[in-house]
$ cat model34.cif   # mmCIF, C-alpha atoms
data_my_file
#
loop_
_atom_site.label_atom_id
_atom_site.label_comp_id
_atom_site.auth_asym_id
_atom_site.auth_seq_id
_atom_site.Cartn_x
_atom_site.Cartn_y
_atom_site.Cartn_z
CA LYS A 260 -122.46 -84.35 -36.30
CA ASN A 261 -124.28 -86.22 -39.06
CA GLU A 262 -127.18 -88.33 -37.96
CA VAL A 263 -125.95 -91.17 -40.18
CA GLU A 264 -122.28 -92.03 -40.29
CA GLN A 265 -120.76 -94.58 -42.62
CA SER A 266 -117.35 -96.18 -42.63
CA PRO A 267 -115.15 -96.49 -44.46
CA GLN A 268 -115.61 -93.64 -46.93
CA ASN A 269 -113.62 -95.50 -49.56
CA LEU A 270 -112.81 -99.18 -49.84
CA THR A 271 -110.70 -101.03 -52.37
CA ALA A 272 -110.75 -104.82 -52.44
CA GLN A 273 -109.52 -107.66 -54.58
CA GLU A 274 -112.04 -109.86 -56.31
CA GLY A 275 -113.20 -112.62 -54.00
CA GLU A 276 -112.65 -110.74 -50.76
CA PHE A 277 -115.26 -110.43 -48.02
CA ILE A 278 -116.44 -106.82 -47.68
CA THR A 279 -117.97 -105.07 -44.69
CA ILE A 280 -119.46 -101.56 -44.69
CA ASN A 281 -120.66 -100.05 -41.44
CA CYS A 282 -123.40 -97.59 -40.60
CA SER A 283 -124.10 -95.89 -37.28
CA TYR A 284 -127.01 -93.60 -36.59
CA SER A 285 -127.98 -91.34 -33.74
CA VAL A 286 -131.76 -91.01 -34.07
CA GLY A 287 -134.64 -93.32 -33.32
CA ILE A 288 -135.60 -94.95 -36.56
CA SER A 289 -138.45 -96.93 -38.03
CA ALA A 290 -136.36 -98.64 -40.71
CA LEU A 291 -132.87 -98.68 -42.17
CA HIS A 292 -132.12 -98.96 -45.85
CA TRP A 293 -129.03 -100.00 -47.75
CA LEU A 294 -128.88 -98.47 -51.22
CA GLN A 295 -126.53 -99.03 -54.14
CA GLN A 296 -125.58 -96.25 -56.53
CA HIS A 297 -123.66 -97.01 -59.70
CA PRO A 298 -121.59 -94.39 -61.57
CA GLY A 299 -124.56 -93.58 -63.81
CA GLY A 300 -126.30 -92.18 -60.74
CA GLY A 301 -129.44 -94.25 -60.29
CA ILE A 302 -130.08 -95.65 -56.84
CA VAL A 303 -131.27 -99.18 -56.20
CA SER A 304 -132.65 -100.32 -52.89
CA LEU A 305 -130.83 -103.41 -51.63
CA PHE A 306 -132.38 -103.95 -48.22
CA MET A 307 -134.85 -102.48 -45.81
CA LEU A 308 -134.33 -103.59 -42.21
CA SER A 309 -136.02 -102.93 -38.93
CA SER A 310 -134.44 -105.80 -37.02
CA GLY A 311 -132.19 -108.81 -37.36
CA LYS A 312 -130.63 -109.89 -40.61
CA LYS A 313 -131.48 -110.22 -44.28
CA LYS A 314 -129.70 -112.05 -47.07
CA HIS A 315 -129.99 -111.67 -50.81
CA GLY A 316 -127.52 -113.60 -52.92
CA ARG A 317 -124.02 -112.57 -51.87
CA LEU A 318 -125.29 -109.61 -49.85
CA ILE A 319 -126.08 -109.76 -46.15
CA ALA A 320 -127.39 -106.90 -44.03
CA THR A 321 -127.61 -106.86 -40.27
CA ILE A 322 -128.93 -104.35 -37.79
CA ASN A 323 -128.52 -103.96 -34.04
CA ILE A 324 -131.25 -101.59 -32.85
CA GLN A 325 -129.87 -101.28 -29.31
CA GLU A 326 -126.43 -100.26 -30.58
CA LYS A 327 -127.86 -98.18 -33.48
CA HIS A 328 -125.58 -99.91 -35.91
CA SER A 329 -125.93 -101.78 -39.18
CA SER A 330 -123.51 -103.62 -41.42
CA LEU A 331 -123.62 -104.57 -45.07
CA HIS A 332 -121.51 -107.58 -46.04
CA ILE A 333 -120.59 -108.74 -49.52
CA THR A 334 -119.24 -112.26 -49.83
CA ALA A 335 -117.01 -113.29 -52.74
CA SER A 336 -116.84 -109.72 -54.05
CA HIS A 337 -116.77 -109.12 -57.79
CA PRO A 338 -115.79 -106.09 -59.91
CA ARG A 339 -119.46 -105.56 -60.76
CA ASP A 340 -120.05 -104.84 -57.06
CA SER A 341 -118.08 -101.63 -57.52
CA ALA A 342 -120.47 -98.82 -56.59
CA VAL A 343 -121.33 -96.39 -53.85
CA TYR A 344 -123.25 -97.98 -50.99
CA ILE A 345 -125.48 -95.64 -49.04
CA CYS A 346 -127.06 -96.20 -45.65
CA ALA A 347 -130.32 -94.34 -45.05
CA VAL A 348 -132.58 -94.29 -42.03
CA GLY A 349 -136.29 -93.65 -41.87
CA TYR A 350 -137.02 -90.99 -39.28
CA ASN A 351 -140.21 -88.94 -38.80
CA ASN A 352 -141.58 -89.63 -42.28
CA ASP A 353 -138.25 -88.56 -43.69
CA MET A 354 -135.07 -90.29 -44.75
CA ARG A 355 -131.62 -89.28 -43.59
CA PHE A 356 -128.75 -90.45 -45.74
CA GLY A 357 -125.16 -91.26 -45.01
CA ALA A 358 -122.47 -89.88 -47.30
CA GLY A 359 -121.89 -93.28 -48.85
CA THR A 360 -119.01 -95.75 -49.10
CA ARG A 361 -117.28 -95.94 -52.46
CA LEU A 362 -116.34 -99.57 -53.10
CA THR A 363 -113.92 -100.57 -55.84
CA VAL A 364 -113.35 -104.26 -56.44
CA LYS A 365 -110.32 -105.03 -58.59
CA PRO A 366 -110.05 -108.17 -60.70
CA GLU B 137 -141.07 -104.00 -63.36
CA ALA B 138 -142.41 -100.49 -62.79
CA GLU B 139 -139.79 -97.77 -62.54
CA VAL B 140 -139.50 -94.10 -61.75
CA ALA B 141 -138.70 -92.20 -64.93
CA GLN B 142 -136.68 -89.00 -65.08
CA SER B 143 -135.60 -86.76 -67.90
CA PRO B 144 -133.28 -85.51 -69.06
CA ARG B 145 -130.52 -87.80 -67.79
CA TYR B 146 -127.89 -85.12 -68.30
CA LYS B 147 -128.15 -81.36 -68.60
CA ILE B 148 -125.50 -78.75 -69.13
CA THR B 149 -126.57 -75.15 -68.78
CA GLU B 150 -124.98 -71.78 -68.32
CA LYS B 151 -125.41 -69.89 -65.09
CA SER B 152 -128.39 -67.56 -64.99
CA GLN B 153 -130.33 -69.78 -67.38
CA ALA B 154 -133.49 -71.64 -66.46
CA VAL B 155 -133.54 -75.41 -66.27
CA ALA B 156 -136.31 -77.93 -65.63
CA PHE B 157 -136.37 -81.59 -64.70
CA TRP B 158 -139.24 -84.02 -65.07
CA CYS B 159 -140.18 -87.07 -63.01
CA ASP B 160 -142.84 -89.70 -63.55
CA PRO B 161 -143.28 -91.84 -60.44
CA ILE B 162 -144.42 -95.42 -60.29
CA SER B 163 -148.12 -95.62 -61.07
CA GLY B 164 -150.21 -95.41 -57.94
CA HIS B 165 -147.48 -93.97 -55.75
CA ALA B 166 -148.95 -91.09 -53.81
CA THR B 167 -145.71 -89.69 -52.43
CA LEU B 168 -143.01 -88.13 -54.58
CA TYR B 169 -139.64 -86.82 -53.45
CA TRP B 170 -137.04 -84.64 -55.11
CA TYR B 171 -133.51 -84.97 -53.76
CA ARG B 172 -130.26 -83.18 -54.58
CA GLN B 173 -127.01 -85.09 -54.30
CA ILE B 174 -123.74 -83.22 -54.40
CA LEU B 175 -120.75 -85.29 -55.45
CA GLY B 176 -119.39 -87.29 -52.54
CA GLN B 177 -122.40 -86.73 -50.34
CA GLY B 178 -125.67 -88.47 -49.65
CA PRO B 179 -128.94 -87.19 -51.12
CA GLU B 180 -130.68 -84.31 -49.37
CA LEU B 181 -134.42 -83.81 -49.58
CA LEU B 182 -135.57 -80.75 -51.49
CA VAL B 183 -139.32 -81.28 -51.59
CA GLN B 184 -141.87 -83.94 -50.78
CA PHE B 185 -145.34 -84.21 -52.31
CA GLN B 186 -148.33 -86.13 -51.08
CA ASP B 187 -150.53 -86.36 -54.17
CA GLU B 188 -150.53 -82.79 -55.52
CA SER B 189 -149.74 -81.12 -52.20
CA VAL B 190 -146.35 -80.10 -50.89
CA VAL B 191 -145.82 -81.62 -47.44
CA ASP B 192 -142.20 -80.63 -46.92
CA ASP B 193 -140.20 -78.02 -48.80
CA SER B 194 -138.21 -76.69 -45.88
CA GLN B 195 -134.88 -77.34 -47.65
CA LEU B 196 -135.94 -75.99 -51.04
CA PRO B 197 -134.19 -72.70 -51.95
CA LYS B 198 -137.43 -70.99 -52.86
CA ASP B 199 -135.82 -67.90 -54.34
CA ARG B 200 -134.72 -69.91 -57.33
CA PHE B 201 -136.23 -73.39 -57.08
CA SER B 202 -139.84 -74.36 -57.66
CA ALA B 203 -141.59 -77.69 -57.85
CA GLU B 204 -145.05 -78.73 -58.87
CA ARG B 205 -147.12 -81.86 -59.19
CA LEU B 206 -150.30 -80.42 -60.61
CA LYS B 207 -152.34 -83.57 -61.13
CA GLY B 208 -150.71 -85.59 -58.43
CA VAL B 209 -148.87 -87.77 -60.91
CA ASP B 210 -145.75 -86.48 -62.65
CA SER B 211 -143.71 -83.62 -61.30
CA THR B 212 -141.43 -80.85 -62.52
CA LEU B 213 -138.55 -79.24 -60.64
CA LYS B 214 -137.34 -75.91 -61.97
CA ILE B 215 -134.31 -73.77 -61.24
CA GLN B 216 -134.27 -70.16 -62.36
CA PRO B 217 -131.68 -68.75 -62.50
CA ALA B 218 -129.19 -71.59 -62.25
CA GLU B 219 -126.00 -70.98 -60.28
CA LEU B 220 -122.67 -72.78 -60.39
CA GLY B 221 -123.38 -74.34 -56.99
CA ASP B 222 -126.47 -76.05 -58.35
CA SER B 223 -124.31 -78.57 -60.20
CA ALA B 224 -125.38 -81.89 -58.72
CA MET B 225 -127.42 -85.03 -59.31
CA TYR B 226 -131.14 -84.47 -58.94
CA LEU B 227 -132.95 -87.61 -57.90
CA CYS B 228 -136.64 -88.31 -57.88
CA ALA B 229 -138.17 -91.04 -55.77
CA SER B 230 -141.66 -92.26 -55.09
CA SER B 231 -143.39 -94.38 -52.51
CA LEU B 232 -146.81 -95.90 -52.19
CA VAL B 233 -147.63 -94.06 -48.99
CA ARG B 234 -146.06 -91.27 -46.99
CA THR B 235 -143.74 -93.35 -44.91
CA ASN B 236 -140.07 -93.99 -45.20
CA TYR B 237 -140.50 -97.69 -45.58
CA GLU B 238 -139.92 -98.12 -49.29
CA GLN B 239 -138.79 -95.43 -51.68
CA TYR B 240 -138.05 -96.21 -55.32
CA PHE B 241 -135.50 -94.00 -57.02
CA GLY B 242 -135.26 -92.85 -60.58
CA PRO B 243 -132.00 -92.76 -62.56
CA GLY B 244 -131.42 -89.10 -61.74
CA THR B 245 -130.58 -86.03 -63.77
CA ARG B 246 -126.99 -84.88 -63.62
CA LEU B 247 -126.87 -81.10 -63.91
CA THR B 248 -123.72 -79.19 -64.76
CA VAL B 249 -123.86 -75.42 -64.58
CA THR B 250 -121.04 -73.63 -66.41
#

$ encode --input "model34.cif" --output "structure tokens"
Amino acid sequence: KNEVEQSPQNLTAQEGEFITINCSYSVGISALHWLQQHPGGGIVSLFMLSSGKKKHGRLIATINIQEKHSSLHITASHPRDSAVYICAVGYNNDMRFGAGTRLTVKP
Amino acid sequence: EAEVAQSPRYKITEKSQAVAFWCDPISGHATLYWYRQILGQGPELLVQFQDESVVDDSQLPKDRFSAERLKGVDSTLKIQPAELGDSAMYLCASSLVRTNYEQYFGPGTRLTVT
């Protein structure tokens, strides 16, 4: 079993829809990261969380430490949000990555 | 804004050939990571440097892969000989200190072995 599980694997939405991507982990962590990877390959860090909730523009990330679960929400989705979203957890000076959620937002 | 640089961005090579990737981390970042990402999967750590020293290379296939960071700044990852299964995205990341709190990723090198 992977230490970091994401769902769904693939997600297609219409422009304007509210998007939720989920991440569950099985290890004790020091921090959780949400990363965005565009088709070109480069990875951009969106959020780093150790508790609670963070908001940046149309993106919101939440984490529940007790339940070992995090969600990434995108409000008013746009085609430029199309990317792979990766959840990663910091564990023992290492990072463990989920397989990613491929999001496609159609105009 | 400071960025992690990688080159080349794309590389096509024939199996059994040697290939090398270069990474220049953000200035002042002591920790450098090389990851391999197979299509449809998350990145997996190959090697981690603290300054010029390797602190974790447990997942590096040492029969064909090597990595160095001689002066504790930029780094080179080499594969010799390349195999078809090595086709992947190779990502470099750096962080200020050896924690998992904030890693900055480069654009990656996409390797295709034919």

$ atom_distance --input "model34.cif" --atom1 "CA of Lys313 in chain A" --atom2 "CA of Ser341 in chain A"
20.7 Å

$ interface_residues --input "model34.cif" --of "chain A" --to "chain B" --cutoff "10 Å" --atoms "all atoms listed in the file" --output "ChimeraX atom specification"
/A:263,268,288-292,294,296-297,299-304,306-309,343-361

$ resolve_selection --input "model34.cif" --expression "the PyMOL selection byres ((chain B and resi 199) around 12)" --output "ChimeraX atom specification"
/B:195-198,200-203,214-219

$ resolve_selection --input "model34.cif" --expression "the PyMOL selection byres ((chain B and resi 186) around 7)" --output "compact mmCIF listing (two decimals) with C-alpha atoms, in the frame of the given file"
# COMPACT_ATOMS: atom_id res chain seq x y z
CA ALA B 166 -148.95 -91.09 -53.81
CA THR B 167 -145.71 -89.69 -52.43
CA LEU B 168 -143.01 -88.13 -54.58
CA GLN B 184 -141.87 -83.94 -50.78
CA PHE B 185 -145.34 -84.21 -52.31
CA ASP B 187 -150.53 -86.36 -54.17
CA GLU B 188 -150.53 -82.79 -55.52
CA SER B 189 -149.74 -81.12 -52.20
CA VAL B 190 -146.35 -80.10 -50.89
CA VAL B 191 -145.82 -81.62 -47.44
CA ARG B 234 -146.06 -91.27 -46.99

$ atom_distance --input "model34.cif" --atom1 "CA of Val209 in chain B" --atom2 "CA of Asp222 in chain B"
25.4 Å

$ atom_distance --input "model34.cif" --atom1 "CA of Gln295 in chain A" --atom2 "CA of Leu220 in chain B"
27.3 Å

$ closest_residue --input "model34.cif" --among "B:Ile148, B:Leu232, B:Ala138, B:Cys159" --to "Thr212 in chain B" --atoms "all atoms listed in the file"
B:Cys159

$ resolve_selection --input "model34.cif" --expression "the PyMOL selection byres ((chain A and resi 316) around 12)" --output "JSON, numbers by chain"
{"A": [305, 306, 313, 314, 315, 317, 318, 319, 320, 332, 333, 334, 335, 336]}

$ residues_near_point --input "model34.cif" --point "(-131.2, -103.7, -34.1)" --cutoff "10 Å" --atoms "only C-alpha atoms" --output "list in words"
Ala290, Leu291, Leu308, Ser309, Ser310, Gly311, Lys312, Thr321, Ile322, Asn323, Ile324, Gln325, Glu326, Lys327, His328 and Ser329 of chain A

$ closest_residue --input "model34.cif" --among "A:Leu362, A:Pro298, A:Pro338, A:Asn261" --to "Gly275 in chain A" --atoms "all atoms listed in the file"
A:Pro338
